[in-house]
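Structure file my_file-v8.cif; described as mmCIF, C-alpha atoms and all ligand atoms.
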data_my_file
#
loop_
_atom_site.label_atom_id
_atom_site.label_comp_id
_atom_site.auth_asym_id
_atom_site.auth_seq_id
_atom_site.Cartn_x
_atom_site.Cartn_y
_atom_site.Cartn_z
CA MET A 217 115.77 136.75 90.89
CA ALA A 218 118.91 134.70 90.59
CA GLN A 219 118.80 131.51 88.59
CA LEU A 220 119.37 128.38 90.59
CA GLY A 221 121.32 126.83 87.78
CA LEU A 222 118.96 123.91 87.42
CA GLU A 223 118.82 122.94 83.85
CA LYS A 224 116.02 120.64 82.90
CA LYS A 225 117.06 117.55 81.06
CA PRO A 226 114.77 115.81 78.58
CA ILE A 227 112.80 112.74 79.56
CA VAL A 228 114.12 109.27 78.90
CA ASP A 229 112.46 106.28 77.23
CA GLN A 230 111.24 104.90 80.54
CA CYS A 231 109.22 108.07 81.14
CA LYS A 232 106.91 107.46 78.22
CA GLY A 233 103.40 107.07 79.52
CA CYS A 234 104.01 108.89 82.77
CA ALA A 235 101.54 111.62 83.71
CA HIS A 236 104.36 113.97 84.67
CA VAL A 237 105.68 114.26 81.15
CA GLU A 238 105.23 117.73 79.71
CA GLY A 239 106.45 117.79 76.16
CA GLU A 240 110.10 116.86 76.32
CA PHE A 241 110.45 117.40 80.05
CA CYS A 242 109.33 116.06 83.38
CA ASN A 243 107.39 118.44 85.61
CA VAL A 244 108.71 116.79 88.75
CA TRP A 245 112.38 116.05 88.24
CA ALA A 246 115.03 118.10 86.50
CA SER A 247 116.95 115.04 85.43
CA PRO A 248 114.74 112.04 84.65
CA ALA A 249 117.72 109.94 83.62
CA ALA A 250 119.11 110.28 87.13
CA LYS A 251 115.84 109.05 88.58
CA TRP A 252 115.92 105.93 86.46
CA ARG A 253 119.58 105.21 86.93
CA LEU A 254 119.05 103.55 90.27
CA GLY A 255 115.85 101.77 89.40
CA THR A 256 112.28 102.83 88.90
CA CYS A 257 111.55 106.52 89.17
CA PRO A 258 109.81 107.10 92.49
CA SER A 259 107.28 109.47 90.93
CA ALA A 260 106.40 107.41 87.89
CA THR A 261 102.64 107.11 87.44
CA HIS A 262 102.72 104.47 84.74
CA VAL A 263 104.72 101.79 86.49
CA GLN A 264 103.27 99.30 88.87
CA ARG A 265 105.63 99.11 91.71
CA GLU A 266 106.19 95.78 93.29
CA THR A 267 105.01 95.88 96.80
CA LYS A 268 106.98 93.63 98.98
CA GLU A 269 105.00 91.53 101.32
CA PRO A 270 106.38 91.78 104.78
CA GLU A 271 108.08 88.56 105.56
CA ALA A 272 106.30 86.44 108.05
CA LYS A 273 108.07 86.52 111.32
CA VAL A 274 109.43 83.21 112.29
CA ARG A 275 109.93 82.93 115.94
CA VAL A 276 112.64 80.59 116.90
CA GLY A 277 113.54 79.34 120.28
CA GLN A 278 110.45 80.39 122.11
CA GLN A 279 109.25 78.08 124.77
CA LYS A 280 105.71 77.57 125.74
CA GLN A 281 104.89 79.23 128.93
CA LYS A 282 104.18 76.93 131.72
CA LYS A 283 100.70 77.12 133.01
CA LYS A 284 100.46 78.20 136.56
CA PRO A 285 98.97 75.47 138.62
CA SER A 286 95.44 76.42 139.52
CA LYS A 287 94.59 76.23 143.15
S1 LIG A 301 108.06 111.46 87.15
FE1 LIG A 301 109.70 110.01 86.68
S2 LIG A 301 108.85 108.66 85.11
FE2 LIG A 301 107.54 110.48 85.21
S3 LIG A 301 108.37 111.83 83.65
FE3 LIG A 301 109.33 112.38 85.55
S4 LIG A 301 111.23 111.20 85.64
FE4 LIG A 301 109.94 110.31 84.06
#
Just give me the structure as structure tokens.
Amino acid sequence: MAQLGLEKKPIVDQCKGCAHVEGEFCNVWASPAAKWRLGTCPSATHVQRETKEPEAKVRVGQQKQKKKPSK
């Protein structure tokens, strides 16, 4: 079978403690450094990700509905 040309790169410092580390390499990503370049690795098991609370919706400009006159 032909090689895909994917060369595994060693883990980076931020990977230490992650469950996906196998020796010097990551068993998920070929290039761990690339995963950390843009922020936290999406597959990291050892990092608590900040969950953003959905912002409360502020409704502006709504008018109270007029009550229909009861007969
Ligand atoms: S999953 Fe992410 S944090 Fe874990 S070893 Fe791989 S690249 Fe590193």
Problem set entry | Selection within 9 Å of ligand LIG 301 (chain A) by all atoms listed in the file, output as a ChimeraX atom specification | /A:227-238,241-252,256-263
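Coordinates place CA of Ala272 in chain A at a distance of 26.0 Å from CA of Gly255 in chain A.
As for CA of Arg253 in chain A and CA of Gly239 in chain A, they are spaced 21.1 Å apart.
Pairwise distance (CA of Glu223 in chain A, CA of Leu254 in chain A) equals 20.4 Å.
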